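J.: If it helps, the file is called protein.csv and holds CSV, C-alpha atoms:
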chain,number,residue,atom,x,y,z
A,1,MET,CA,-19.6,20.8,0.3
A,2,SER,CA,-16.4,22.6,-0.2
A,3,LEU,CA,-13.2,21.0,-1.5
A,4,ALA,CA,-10.8,19.9,1.2
A,5,PRO,CA,-7.6,21.9,1.6
A,6,TRP,CA,-5.4,18.8,0.7
A,7,ARG,CA,-7.1,18.6,-2.7
A,8,SER,CA,-5.0,21.4,-4.2
A,9,ARG,CA,-1.8,19.5,-3.2
A,10,LEU,CA,-3.2,16.3,-4.7
A,11,THR,CA,-4.2,18.0,-7.9
A,12,ARG,CA,-0.8,19.5,-8.2
A,13,ALA,CA,0.9,16.1,-7.5
A,14,LEU,CA,-1.3,14.5,-10.2
A,15,HIS,CA,-0.3,17.2,-12.6
A,16,ARG,CA,3.5,17.1,-11.9
A,17,ASN,CA,3.5,13.3,-12.2
A,18,ARG,CA,1.1,13.1,-15.2
A,19,SER,CA,3.8,11.7,-17.5
A,20,LEU,CA,3.8,8.5,-15.4
A,21,ARG,CA,0.9,6.1,-16.0
A,22,GLU,CA,1.4,4.7,-12.5
A,23,SER,CA,0.8,8.1,-10.9
A,24,ARG,CA,-2.9,7.2,-11.0
A,25,TYR,CA,-2.4,3.9,-9.1
A,26,PHE,CA,-2.4,3.7,-5.3
A,27,GLN,CA,-2.4,1.1,-2.7
A,28,LEU,CA,-5.6,0.4,-0.8
A,29,ALA,CA,-5.4,-1.3,2.6
A,30,THR,CA,-8.4,-3.0,4.2
A,31,VAL,CA,-9.0,-5.4,7.1
A,32,THR,CA,-10.0,-9.0,6.2
A,33,PRO,CA,-13.0,-10.7,8.0
A,34,GLU,CA,-10.3,-12.5,10.1
A,35,GLY,CA,-8.9,-9.1,11.3
A,36,THR,CA,-5.7,-9.2,9.3
A,37,PRO,CA,-4.4,-6.5,6.9
A,38,ALA,CA,-4.8,-6.8,3.1
A,39,ASN,CA,-3.2,-4.4,0.5
A,40,ARG,CA,-3.4,-4.1,-3.2
A,41,THR,CA,-2.8,-1.7,-6.1
A,42,VAL,CA,-5.9,-0.1,-7.6
A,43,VAL,CA,-6.6,2.6,-10.2
A,44,PHE,CA,-7.8,6.1,-9.3
A,45,ARG,CA,-11.0,6.8,-11.3
A,46,GLY,CA,-11.3,10.4,-10.3
A,47,PHE,CA,-13.3,12.3,-7.7
A,48,ARG,CA,-17.1,12.2,-7.6
A,49,ASP,CA,-18.3,15.6,-9.0
A,50,ASN,CA,-17.7,18.5,-6.6
A,51,THR,CA,-16.9,16.2,-3.7
A,52,ASN,CA,-13.8,14.9,-1.9
A,53,GLN,CA,-14.8,11.3,-2.6
A,54,LEU,CA,-12.4,9.1,-4.5
A,55,GLN,CA,-13.8,6.6,-7.0
A,56,ILE,CA,-12.4,3.1,-7.5
A,57,VAL,CA,-13.9,0.2,-9.5
A,58,THR,CA,-13.6,-3.4,-8.7
A,59,ASP,CA,-15.0,-6.9,-9.2
A,60,ALA,CA,-17.8,-8.1,-6.9
A,61,ARG,CA,-15.9,-11.4,-6.7
A,62,SER,CA,-12.7,-9.9,-5.3
A,63,GLU,CA,-11.8,-10.3,-1.7
A,64,LYS,CA,-11.7,-6.6,-1.0
A,65,ILE,CA,-15.5,-6.7,-1.2
A,66,SER,CA,-15.9,-9.1,1.7
A,67,ASP,CA,-13.2,-7.1,3.6
A,68,LEU,CA,-15.2,-3.9,3.2
A,69,GLN,CA,-18.6,-5.4,3.9
A,70,GLN,CA,-17.2,-6.4,7.3
A,71,HIS,CA,-14.8,-3.4,7.9
A,72,PRO,CA,-15.7,-0.4,5.9
A,73,GLN,CA,-12.5,1.5,6.9
A,74,ALA,CA,-9.7,1.7,4.5
A,75,GLU,CA,-6.4,3.5,4.1
A,76,ILE,CA,-5.0,4.6,0.8
A,77,CYS,CA,-1.3,5.1,0.4
A,78,TRP,CA,-0.5,7.1,-2.7
A,79,TYR,CA,3.2,7.7,-3.4
A,80,PHE,CA,4.2,10.0,-6.3
A,81,THR,CA,7.6,9.0,-7.4
A,82,LYS,CA,8.6,12.0,-9.5
A,83,SER,CA,7.6,14.7,-7.0
A,84,ARG,CA,8.4,12.5,-4.0
A,85,GLU,CA,5.1,13.1,-2.2
A,86,GLN,CA,3.1,10.7,-0.1
A,87,PHE,CA,-0.6,11.0,0.7
A,88,ARG,CA,-2.1,8.6,3.2
A,89,LEU,CA,-5.9,8.9,3.2
A,90,ARG,CA,-7.8,7.3,5.9
A,91,GLY,CA,-11.6,6.9,5.6
A,92,ASN,CA,-14.6,4.8,4.9
A,93,VAL,CA,-15.7,3.1,1.8
A,94,CYS,CA,-19.3,2.9,0.5
A,95,LEU,CA,-19.9,-0.1,-1.9
A,96,ILE,CA,-22.1,0.6,-4.9
A,97,THR,CA,-23.3,-2.7,-6.3
A,98,ALA,CA,-25.9,-3.7,-8.8
A,99,GLN,CA,-28.3,-4.0,-5.9
A,100,SER,CA,-27.6,-0.5,-4.5
A,101,ALA,CA,-30.6,1.8,-4.3
A,102,SER,CA,-28.4,4.9,-4.6
A,103,PHE,CA,-25.7,6.1,-7.0
A,104,SER,CA,-26.8,3.7,-9.8
A,105,SER,CA,-26.3,6.4,-12.4
A,106,LEU,CA,-22.8,7.0,-11.1
A,107,ARG,CA,-22.1,3.3,-11.4
A,108,GLN,CA,-23.4,3.3,-15.0
A,109,THR,CA,-21.3,6.3,-15.9
A,110,LEU,CA,-18.1,4.8,-14.6
A,111,TRP,CA,-18.8,1.6,-16.5
A,112,GLN,CA,-19.2,3.5,-19.7
A,113,GLN,CA,-15.9,5.3,-19.1
A,114,LEU,CA,-13.9,2.1,-18.9
A,115,SER,CA,-11.9,0.9,-21.9
A,116,ASP,CA,-13.1,-2.3,-23.7
A,117,ASN,CA,-10.3,-4.2,-22.2
A,118,ALA,CA,-11.1,-3.1,-18.6
A,119,ARG,CA,-14.7,-4.0,-19.1
A,120,LEU,CA,-13.8,-7.4,-20.4
A,121,GLN,CA,-12.3,-8.4,-17.1
A,122,PHE,CA,-15.7,-8.3,-15.4
A,123,VAL,CA,-16.9,-11.2,-17.4
A,124,TRP,CA,-13.7,-13.3,-17.0
A,125,PRO,CA,-13.7,-16.5,-15.0
A,126,HIS,CA,-13.7,-16.1,-11.2
A,127,PRO,CA,-10.6,-14.1,-10.0
A,128,LYS,CA,-8.2,-16.1,-7.9
A,129,ALA,CA,-9.9,-19.5,-8.7
A,130,GLU,CA,-7.5,-22.1,-10.0
A,131,ARG,CA,-6.7,-21.4,-13.7
A,132,THR,CA,-8.2,-24.3,-15.6
A,133,GLN,CA,-9.3,-22.5,-18.8
A,134,GLY,CA,-7.4,-21.5,-21.9
A,135,GLU,CA,-7.0,-18.0,-23.2
A,136,ASP,CA,-10.4,-18.2,-25.0
A,137,ALA,CA,-12.2,-18.0,-21.7
A,138,PHE,CA,-10.7,-14.6,-21.2
A,139,THR,CA,-11.2,-13.0,-24.6
A,140,ASN,CA,-14.7,-14.1,-25.7
A,141,SER,CA,-18.0,-12.3,-25.1
A,142,PHE,CA,-17.5,-8.5,-24.8
A,143,PRO,CA,-20.1,-7.2,-22.3
A,144,SER,CA,-22.5,-4.4,-23.0
A,145,GLN,CA,-20.9,-1.0,-23.1
A,146,GLU,CA,-24.0,0.5,-21.7
A,147,ILE,CA,-25.3,-1.7,-18.8
A,148,PRO,CA,-22.8,-2.8,-16.2
A,149,PRO,CA,-22.8,-6.5,-15.3
A,150,ASP,CA,-23.5,-7.6,-11.7
A,151,THR,CA,-19.8,-8.1,-11.1
A,152,PHE,CA,-19.1,-4.4,-11.5
A,153,VAL,CA,-18.8,-2.5,-8.2
A,154,VAL,CA,-17.9,1.1,-7.5
A,155,LEU,CA,-16.0,1.9,-4.3
A,156,LEU,CA,-16.6,5.4,-3.0
A,157,PHE,CA,-13.9,6.4,-0.6
A,158,PHE,CA,-14.8,9.1,1.9
A,159,PRO,CA,-11.5,10.6,3.4
A,160,GLN,CA,-11.6,11.5,7.1
A,161,GLN,CA,-7.9,12.1,7.6
A,162,VAL,CA,-5.0,12.8,5.3
A,163,ASP,CA,-1.3,12.5,6.3
A,164,TYR,CA,0.8,14.4,3.7
A,165,LEU,CA,4.6,14.0,3.4
A,166,LEU,CA,6.8,15.8,1.0
A,167,LEU,CA,10.2,14.0,1.0
A,168,LYS,CA,12.0,17.0,-0.4
A,169,GLY,CA,13.5,19.5,2.1
A,170,ASN,CA,15.6,19.1,5.1
A,171,PRO,CA,13.8,18.1,7.2
A,172,GLN,CA,11.0,16.8,5.1
A,173,ASN,CA,7.6,18.5,5.3
A,174,ARG,CA,4.6,16.8,6.8
A,175,TYR,CA,1.0,18.0,7.3
A,176,LEU,CA,-2.0,16.4,8.9
A,177,TYR,CA,-5.5,17.2,7.8
A,178,TRP,CA,-8.6,15.9,9.6
A,179,LEU,CA,-12.4,16.2,9.2
A,180,ASP,CA,-14.0,17.4,12.4
A,181,GLU,CA,-17.5,16.7,13.7
A,182,ALA,CA,-18.9,19.7,11.9
A,183,GLU,CA,-17.5,18.3,8.6
A,184,ASN,CA,-14.8,21.0,8.4
A,185,TRP,CA,-11.2,20.2,7.5
A,186,SER,CA,-8.4,21.3,9.9
A,187,VAL,CA,-4.7,21.2,9.3
A,188,LYS,CA,-1.5,21.3,11.3
A,189,GLU,CA,2.1,21.0,10.5
A,190,VAL,CA,3.8,18.1,12.2
A,191,ASN,CA,7.3,16.7,12.5
A,192,PRO,CA,8.3,14.3,9.7
B,1,MET,CA,15.9,-23.2,5.0
B,2,SER,CA,15.6,-23.1,1.2
B,3,LEU,CA,14.8,-20.0,-0.7
B,4,ALA,CA,11.1,-19.7,-1.6
B,5,PRO,CA,10.1,-20.2,-5.3
B,6,TRP,CA,8.8,-16.6,-5.6
B,7,ARG,CA,12.2,-15.3,-4.7
B,8,SER,CA,13.6,-15.7,-8.2
B,9,ARG,CA,10.7,-13.7,-9.6
B,10,LEU,CA,11.3,-11.0,-7.0
B,11,THR,CA,15.0,-10.9,-7.7
B,12,ARG,CA,14.4,-10.6,-11.4
B,13,ALA,CA,11.9,-7.7,-10.8
B,14,LEU,CA,14.4,-5.9,-8.6
B,15,HIS,CA,17.0,-6.3,-11.4
B,16,ARG,CA,14.7,-5.2,-14.2
B,17,ASN,CA,13.5,-2.1,-12.3
B,18,ARG,CA,16.9,-1.3,-10.8
B,19,SER,CA,17.2,2.1,-12.6
B,20,LEU,CA,14.2,3.4,-10.6
B,21,ARG,CA,15.0,4.4,-7.0
B,22,GLU,CA,11.4,3.7,-6.0
B,23,SER,CA,11.6,0.0,-7.0
B,24,ARG,CA,13.0,-0.6,-3.5
B,25,TYR,CA,10.0,1.1,-1.9
B,26,PHE,CA,6.8,-0.8,-1.0
B,27,GLN,CA,3.6,-0.3,0.9
B,28,LEU,CA,3.2,-1.9,4.3
B,29,ALA,CA,-0.3,-2.4,5.6
B,30,THR,CA,-1.0,-3.1,9.3
B,31,VAL,CA,-4.0,-3.1,11.6
B,32,THR,CA,-4.2,-0.3,14.2
B,33,PRO,CA,-5.1,-1.1,17.9
B,34,GLU,CA,-8.6,0.1,17.0
B,35,GLY,CA,-8.8,-2.5,14.3
B,36,THR,CA,-8.7,-0.2,11.3
B,37,PRO,CA,-6.2,-0.4,8.4
B,38,ALA,CA,-3.0,1.6,8.1
B,39,ASN,CA,-0.8,1.9,5.1
B,40,ARG,CA,2.6,3.6,4.4
B,41,THR,CA,5.6,3.5,2.1
B,42,VAL,CA,8.7,1.9,3.5
B,43,VAL,CA,12.2,1.1,2.1
B,44,PHE,CA,13.3,-2.5,1.4
B,45,ARG,CA,16.5,-3.2,3.3
B,46,GLY,CA,17.3,-6.6,1.8
B,47,PHE,CA,16.6,-10.1,2.9
B,48,ARG,CA,18.1,-11.5,6.0
B,49,ASP,CA,21.1,-13.8,5.0
B,50,ASN,CA,19.9,-17.0,3.4
B,51,THR,CA,16.3,-16.6,4.5
B,52,ASN,CA,13.0,-15.4,2.9
B,53,GLN,CA,12.7,-12.7,5.6
B,54,LEU,CA,12.5,-9.1,4.5
B,55,GLN,CA,14.2,-6.4,6.5
B,56,ILE,CA,12.7,-2.9,7.2
B,57,VAL,CA,13.9,-0.3,9.6
B,58,THR,CA,11.7,2.2,11.4
B,59,ASP,CA,11.5,4.6,14.4
B,60,ALA,CA,10.3,3.2,17.7
B,61,ARG,CA,8.0,6.2,18.0
B,62,SER,CA,6.1,5.6,14.8
B,63,GLU,CA,2.6,4.3,14.9
B,64,LYS,CA,3.4,1.1,13.0
B,65,ILE,CA,5.2,-0.1,16.2
B,66,SER,CA,2.0,0.0,18.3
B,67,ASP,CA,0.0,-1.5,15.4
B,68,LEU,CA,2.4,-4.5,15.1
B,69,GLN,CA,2.7,-5.0,18.9
B,70,GLN,CA,-1.0,-5.6,19.0
B,71,HIS,CA,-1.4,-7.2,15.5
B,72,PRO,CA,1.8,-8.8,14.2
B,73,GLN,CA,0.3,-9.5,10.8
B,74,ALA,CA,1.1,-7.3,7.8
B,75,GLU,CA,0.7,-7.2,4.1
B,76,ILE,CA,3.3,-5.8,1.8
B,77,CYS,CA,2.1,-4.5,-1.6
B,78,TRP,CA,5.1,-4.1,-4.0
B,79,TYR,CA,4.4,-2.8,-7.4
B,80,PHE,CA,7.1,-2.6,-10.0
B,81,THR,CA,6.2,0.1,-12.5
B,82,LYS,CA,8.6,-0.7,-15.3
B,83,SER,CA,8.0,-4.5,-15.5
B,84,ARG,CA,4.3,-4.1,-14.4
B,85,GLU,CA,4.5,-6.8,-11.7
B,86,GLN,CA,2.8,-6.8,-8.3
B,87,PHE,CA,3.8,-8.9,-5.3
B,88,ARG,CA,1.5,-9.0,-2.4
B,89,LEU,CA,3.2,-10.6,0.6
B,90,ARG,CA,1.2,-11.6,3.6
B,91,GLY,CA,2.9,-12.6,6.8
B,92,ASN,CA,4.0,-11.7,10.3
B,93,VAL,CA,6.4,-9.2,11.6
B,94,CYS,CA,9.0,-9.6,14.4
B,95,LEU,CA,10.1,-6.4,16.1
B,96,ILE,CA,13.8,-6.1,17.0
B,97,THR,CA,14.2,-3.3,19.4
B,98,ALA,CA,17.0,-2.1,21.7
B,99,GLN,CA,15.5,-4.4,24.3
B,100,SER,CA,15.3,-7.5,22.1
B,101,ALA,CA,17.3,-10.5,23.4
B,102,SER,CA,17.8,-11.9,19.9
B,103,PHE,CA,19.0,-10.4,16.6
B,104,SER,CA,20.9,-7.6,18.3
B,105,SER,CA,23.9,-8.0,15.9
B,106,LEU,CA,21.5,-7.8,12.9
B,107,ARG,CA,20.1,-4.6,14.3
B,108,GLN,CA,23.6,-3.2,14.7
B,109,THR,CA,24.6,-4.2,11.2
B,110,LEU,CA,21.5,-2.6,9.6
B,111,TRP,CA,22.2,0.6,11.6
B,112,GLN,CA,25.7,0.8,10.3
B,113,GLN,CA,24.6,0.3,6.7
B,114,LEU,CA,22.3,3.4,6.8
B,115,SER,CA,23.4,6.7,5.3
B,116,ASP,CA,24.3,9.5,7.7
B,117,ASN,CA,21.1,11.3,6.7
B,118,ALA,CA,18.9,8.2,7.3
B,119,ARG,CA,20.6,7.8,10.8
B,120,LEU,CA,19.9,11.4,11.6
B,121,GLN,CA,16.2,10.9,11.5
B,122,PHE,CA,16.3,8.7,14.5
B,123,VAL,CA,17.4,11.6,16.8
B,124,TRP,CA,14.9,14.0,15.4
B,125,PRO,CA,12.0,15.4,17.5
B,126,HIS,CA,9.0,13.0,17.9
B,127,PRO,CA,7.5,12.1,14.5
B,128,LYS,CA,3.9,13.4,14.0
B,129,ALA,CA,4.1,15.7,17.0
B,130,GLU,CA,3.2,19.3,16.2
B,131,ARG,CA,6.1,21.0,14.5
B,132,THR,CA,7.3,23.7,16.9
B,133,GLN,CA,11.0,23.6,16.4
B,134,GLY,CA,13.1,25.2,13.7
B,135,GLU,CA,15.4,23.4,11.2
B,136,ASP,CA,18.2,23.3,13.8
B,137,ALA,CA,16.4,20.7,15.8
B,138,PHE,CA,16.5,18.4,12.8
B,139,THR,CA,20.1,18.9,11.7
B,140,ASN,CA,22.2,19.0,15.0
B,141,SER,CA,23.8,16.1,16.8
B,142,PHE,CA,24.7,13.2,14.5
B,143,PRO,CA,24.2,9.9,16.4
B,144,SER,CA,26.9,7.3,16.7
B,145,GLN,CA,27.6,5.4,13.5
B,146,GLU,CA,28.3,2.3,15.5
B,147,ILE,CA,25.7,1.9,18.2
B,148,PRO,CA,22.0,2.4,17.3
B,149,PRO,CA,19.9,4.6,19.4
B,150,ASP,CA,16.9,3.2,21.3
B,151,THR,CA,14.6,4.7,18.6
B,152,PHE,CA,16.0,2.4,16.0
B,153,VAL,CA,13.9,-0.7,15.4
B,154,VAL,CA,14.2,-3.5,12.8
B,155,LEU,CA,11.1,-5.1,11.4
B,156,LEU,CA,11.7,-8.7,10.2
B,157,PHE,CA,8.9,-9.7,7.9
B,158,PHE,CA,8.2,-13.5,7.6
B,159,PRO,CA,6.1,-14.1,4.4
B,160,GLN,CA,3.5,-16.9,4.6
B,161,GLN,CA,1.6,-16.2,1.3
B,162,VAL,CA,2.6,-14.4,-1.9
B,163,ASP,CA,0.1,-13.3,-4.6
B,164,TYR,CA,2.1,-12.5,-7.7
B,165,LEU,CA,0.5,-10.7,-10.7
B,166,LEU,CA,2.1,-9.9,-14.0
B,167,LEU,CA,0.1,-7.3,-15.8
B,168,LYS,CA,1.6,-8.1,-19.1
B,169,GLY,CA,-0.2,-10.8,-21.2
B,170,ASN,CA,-3.8,-11.3,-22.2
B,171,PRO,CA,-5.1,-12.4,-19.8
B,172,GLN,CA,-2.6,-11.3,-17.2
B,173,ASN,CA,-0.7,-14.0,-15.3
B,174,ARG,CA,-1.2,-14.6,-11.6
B,175,TYR,CA,0.3,-17.2,-9.2
B,176,LEU,CA,-0.3,-17.9,-5.6
B,177,TYR,CA,2.4,-19.2,-3.3
B,178,TRP,CA,1.8,-20.4,0.2
B,179,LEU,CA,3.8,-21.9,3.1
B,180,ASP,CA,2.3,-25.1,4.4
B,181,GLU,CA,2.5,-26.5,7.9
B,182,ALA,CA,5.7,-28.4,7.1
B,183,GLU,CA,7.2,-25.0,6.1
B,184,ASN,CA,7.3,-25.9,2.4
B,185,TRP,CA,6.2,-23.5,-0.3
B,186,SER,CA,3.5,-24.6,-2.8
B,187,VAL,CA,2.4,-22.8,-5.9
B,188,LYS,CA,-0.6,-22.7,-8.2
B,189,GLU,CA,-1.6,-20.7,-11.2
B,190,VAL,CA,-4.9,-18.8,-10.7
B,191,ASN,CA,-7.2,-16.6,-12.7
B,192,PRO,CA,-6.1,-12.9,-12.7
Mind turning this structure into structure tokens?
T.:
Amino acid sequence: MSLAPWRSRLTRALHRNRSLRESRYFQLATVTPEGTPANRTVVFRGFRDNTNQLQIVTDARSEKISDLQQHPQAEICWYFTKSREQFRLRGNVCLITAQSASFSSLRQTLWQQLSDNARLQFVWPHPKAERTQGEDAFTNSFPSQEIPPDTFVVLLFFPQQVDYLLLKGNPQNRYLYWLDEAENWSVKEVNP
Amino acid sequence: MSLAPWRSRLTRALHRNRSLRESRYFQLATVTPEGTPANRTVVFRGFRDNTNQLQIVTDARSEKISDLQQHPQAEICWYFTKSREQFRLRGNVCLITAQSASFSSLRQTLWQQLSDNARLQFVWPHPKAERTQGEDAFTNSFPSQEIPPDTFVVLLFFPQQVDYLLLKGNPQNRYLYWLDEAENWSVKEVNP
């Protein structure tokens, strides 16, 4: 598989904005089982080797899991504040859980790459449940650095369409990229 | 109507992050007519006077209009980079168009508050259509500063639930706010 033509723009944006920690955060929109939109900030965990697939990690107990089990489509909105560029990536998400037959080594690698503090969150009490426990419940019992717990899930995002907007310029510059049925990327310039 | 309890947190976040232009941008997720998620950055245009309703302006020709006509629900994800706070606001959107019987004076006021450059975009060629025209097509013919063109639409966002996360602290702090049937706001602390 060849790298998509929007990848060079994204690589450049990541480089230009590298001084900002939040340049590696983006907003992931999903559809809930009730058919309503949900939206939250997540951390970009890199591309899967030599592919256009974006890696995200999350907790199996979070609501985005049930959203994606019912509606695998998602849209990422990634705004780079310093270079004033927006990437909207539309695509499908594949969930890699402890039960998944494939990608288990990828799941283990991403687990091992997390910081201790990031790993700790996967053994915390249930997210979004009423807070009844003191700080101790959140700091005890570091999990294994080698073997991910069942709560650790990898989201593999497969882009199918990218809407790129560069706010600089008059007018601004906007390009649409899409994956055709033969799995080739096309591009056209559109009005902002 | 009284101000919601999450408003003071949001006001403080806007103040603490006021040095950053992008602190007034957030991501608005909607559901397309096909039932898939869409997500884009928009500009916060303030609260409607003495209410909890957020104001956004957009072009009648943009795809979020057809999304919201079919599915009025939306979720805003608003991440403040400096203070490391996230507000997820779930609610419904009311469209105020040139044809709307109500809120026409609000629509006119918001139009008048825009910069000349922002107003100009509403008379540009059709957004997302193939770019076939030169720069002239985007810079000619300033619209009236008084009377909004038909392309100018106000989105009034009515929050029904707010999920607030403060990334500082160990563990992080998270609160859920929701509007009950009597239109009162409740709050509880939850696990991050």
J.: Excluding same-chain residues fewer than 2 positions from region 150-161 of chain B, what lies within 9 Å of it counting only C-alpha atoms, as a ChimeraX atom specification?
T.: /B:47-48,52-61,65,74-75,88-99,106-107,110-111,119,122-123,148,163,176-180,185
J.: Would you export the selected residues with C-alpha atoms as an mmCIF file, in the coordinates of the input, please?
T.:
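As a result, again.cif now contains:
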data_model
loop_
_atom_site.group_PDB
_atom_site.id
_atom_site.type_symbol
_atom_site.label_atom_id
_atom_site.label_comp_id
_atom_site.auth_asym_id
_atom_site.auth_seq_id
_atom_site.Cartn_x
_atom_site.Cartn_y
_atom_site.Cartn_z
ATOM 1 C CA PHE B 47 16.600 -10.100 2.900
ATOM 2 C CA ARG B 48 18.100 -11.500 6.000
ATOM 3 C CA ASN B 52 13.000 -15.400 2.900
ATOM 4 C CA GLN B 53 12.700 -12.700 5.600
ATOM 5 C CA LEU B 54 12.500 -9.100 4.500
ATOM 6 C CA GLN B 55 14.200 -6.400 6.500
ATOM 7 C CA ILE B 56 12.700 -2.900 7.200
ATOM 8 C CA VAL B 57 13.900 -0.300 9.600
ATOM 9 C CA THR B 58 11.700 2.200 11.400
ATOM 10 C CA ASP B 59 11.500 4.600 14.400
ATOM 11 C CA ALA B 60 10.300 3.200 17.700
ATOM 12 C CA ARG B 61 8.000 6.200 18.000
ATOM 13 C CA ILE B 65 5.200 -0.100 16.200
ATOM 14 C CA ALA B 74 1.100 -7.300 7.800
ATOM 15 C CA GLU B 75 0.700 -7.200 4.100
ATOM 16 C CA ARG B 88 1.500 -9.000 -2.400
ATOM 17 C CA LEU B 89 3.200 -10.600 0.600
ATOM 18 C CA ARG B 90 1.200 -11.600 3.600
ATOM 19 C CA GLY B 91 2.900 -12.600 6.800
ATOM 20 C CA ASN B 92 4.000 -11.700 10.300
ATOM 21 C CA VAL B 93 6.400 -9.200 11.600
ATOM 22 C CA CYS B 94 9.000 -9.600 14.400
ATOM 23 C CA LEU B 95 10.100 -6.400 16.100
ATOM 24 C CA ILE B 96 13.800 -6.100 17.000
ATOM 25 C CA THR B 97 14.200 -3.300 19.400
ATOM 26 C CA ALA B 98 17.000 -2.100 21.700
ATOM 27 C CA GLN B 99 15.500 -4.400 24.300
ATOM 28 C CA LEU B 106 21.500 -7.800 12.900
ATOM 29 C CA ARG B 107 20.100 -4.600 14.300
ATOM 30 C CA LEU B 110 21.500 -2.600 9.600
ATOM 31 C CA TRP B 111 22.200 0.600 11.600
ATOM 32 C CA ARG B 119 20.600 7.800 10.800
ATOM 33 C CA PHE B 122 16.300 8.700 14.500
ATOM 34 C CA VAL B 123 17.400 11.600 16.800
ATOM 35 C CA PRO B 148 22.000 2.400 17.300
ATOM 36 C CA ASP B 163 0.100 -13.300 -4.600
ATOM 37 C CA LEU B 176 -0.300 -17.900 -5.600
ATOM 38 C CA TYR B 177 2.400 -19.200 -3.300
ATOM 39 C CA TRP B 178 1.800 -20.400 0.200
ATOM 40 C CA LEU B 179 3.800 -21.900 3.100
ATOM 41 C CA ASP B 180 2.300 -25.100 4.400
ATOM 42 C CA TRP B 185 6.200 -23.500 -0.300
#
J.: Using only C-alpha atoms and a distance of at most 6 Å, pull out the residues of chain A that contact chain B, as an mmCIF file with C-alpha atoms, in the coordinates of the input.
T.:
data_model
loop_
_atom_site.group_PDB
_atom_site.id
_atom_site.type_symbol
_atom_site.label_atom_id
_atom_site.label_comp_id
_atom_site.auth_asym_id
_atom_site.auth_seq_id
_atom_site.Cartn_x
_atom_site.Cartn_y
_atom_site.Cartn_z
ATOM 1 C CA ALA A 29 -5.400 -1.300 2.600
ATOM 2 C CA THR A 30 -8.400 -3.000 4.200
ATOM 3 C CA VAL A 31 -9.000 -5.400 7.100
ATOM 4 C CA PRO A 37 -4.400 -6.500 6.900
ATOM 5 C CA ALA A 38 -4.800 -6.800 3.100
ATOM 6 C CA ASN A 39 -3.200 -4.400 0.500
ATOM 7 C CA ARG A 40 -3.400 -4.100 -3.200
ATOM 8 C CA ALA A 74 -9.700 1.700 4.500
ATOM 9 C CA GLU A 75 -6.400 3.500 4.100
ATOM 10 C CA CYS A 77 -1.300 5.100 0.400
ATOM 11 C CA PRO A 127 -10.600 -14.100 -10.000
ATOM 12 C CA LYS A 128 -8.200 -16.100 -7.900
ATOM 13 C CA ALA A 129 -9.900 -19.500 -8.700
ATOM 14 C CA GLU A 130 -7.500 -22.100 -10.000
ATOM 15 C CA ARG A 131 -6.700 -21.400 -13.700
ATOM 16 C CA GLU A 189 2.100 21.000 10.500
ATOM 17 C CA VAL A 190 3.800 18.100 12.200
ATOM 18 C CA ASN A 191 7.300 16.700 12.500
ATOM 19 C CA PRO A 192 8.300 14.300 9.700
#
J.: One number please: CA of Asn184 (chain A) to CA of Leu68 (chain A), in Å, one decimal.
T.: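 Value for the CA of Asn184 (chain A)-CA of Leu68 (chain A) distance: 25.4 Å.
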J.: Measuring between all atoms listed in the file, which one of A:Thr51, A:Ser115, A:Ser83, A:Ser102 shows the shortest distance to Ser144 (chain A)?
T.: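 The answer is A:Ser115, which sits nearest to Ser144 (chain A).
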J.: Using the block above, I'd like region 19-47 of chain B written out, keeping C-alpha atoms and formatting it as a PDB file, in the first residue's frame.
T.:
ATOM      1  CA  SER B  19      -4.296  34.943  25.132  1.00  0.00           C
ATOM      2  CA  LEU B  20      -4.883  32.134  22.615  1.00  0.00           C
ATOM      3  CA  ARG B  21      -7.055  32.992  19.628  1.00  0.00           C
ATOM      4  CA  GLU B  22      -8.011  29.337  19.253  1.00  0.00           C
ATOM      5  CA  SER B  23      -9.547  29.217  22.740  1.00  0.00           C
ATOM      6  CA  ARG B  24     -12.707  30.511  21.054  1.00  0.00           C
ATOM      7  CA  TYR B  25     -12.755  27.642  18.547  1.00  0.00           C
ATOM      8  CA  PHE B  26     -14.383  24.290  19.257  1.00  0.00           C
ATOM      9  CA  GLN B  27     -15.311  21.140  17.360  1.00  0.00           C
ATOM     10  CA  LEU B  28     -18.950  20.567  16.484  1.00  0.00           C
ATOM     11  CA  ALA B  29     -20.024  16.979  15.757  1.00  0.00           C
ATOM     12  CA  THR B  30     -23.234  16.219  13.893  1.00  0.00           C
ATOM     13  CA  VAL B  31     -24.803  13.198  12.195  1.00  0.00           C
ATOM     14  CA  THR B  32     -25.123  13.259   8.400  1.00  0.00           C
ATOM     15  CA  PRO B  33     -28.365  12.294   6.624  1.00  0.00           C
ATOM     16  CA  GLU B  34     -26.646   8.922   5.977  1.00  0.00           C
ATOM     17  CA  GLY B  35     -26.256   8.414   9.743  1.00  0.00           C
ATOM     18  CA  THR B  36     -22.485   8.839   9.875  1.00  0.00           C
ATOM     19  CA  PRO B  37     -20.569  11.314  12.048  1.00  0.00           C
ATOM     20  CA  ALA B  38     -19.235  14.673  10.848  1.00  0.00           C
ATOM     21  CA  ASN B  39     -16.894  16.961  12.768  1.00  0.00           C
ATOM     22  CA  ARG B  40     -15.480  20.438  12.121  1.00  0.00           C
ATOM     23  CA  THR B  41     -13.990  23.428  13.896  1.00  0.00           C
ATOM     24  CA  VAL B  42     -16.279  26.434  14.385  1.00  0.00           C
ATOM     25  CA  VAL B  43     -15.985  29.762  16.161  1.00  0.00           C
ATOM     26  CA  PHE B  44     -17.784  30.513  19.423  1.00  0.00           C
ATOM     27  CA  ARG B  45     -19.873  33.692  18.941  1.00  0.00           C
ATOM     28  CA  GLY B  46     -20.885  34.135  22.574  1.00  0.00           C
ATOM     29  CA  PHE B  47     -23.924  33.152  24.584  1.00  0.00           C
TER      30      PHE B  47
END
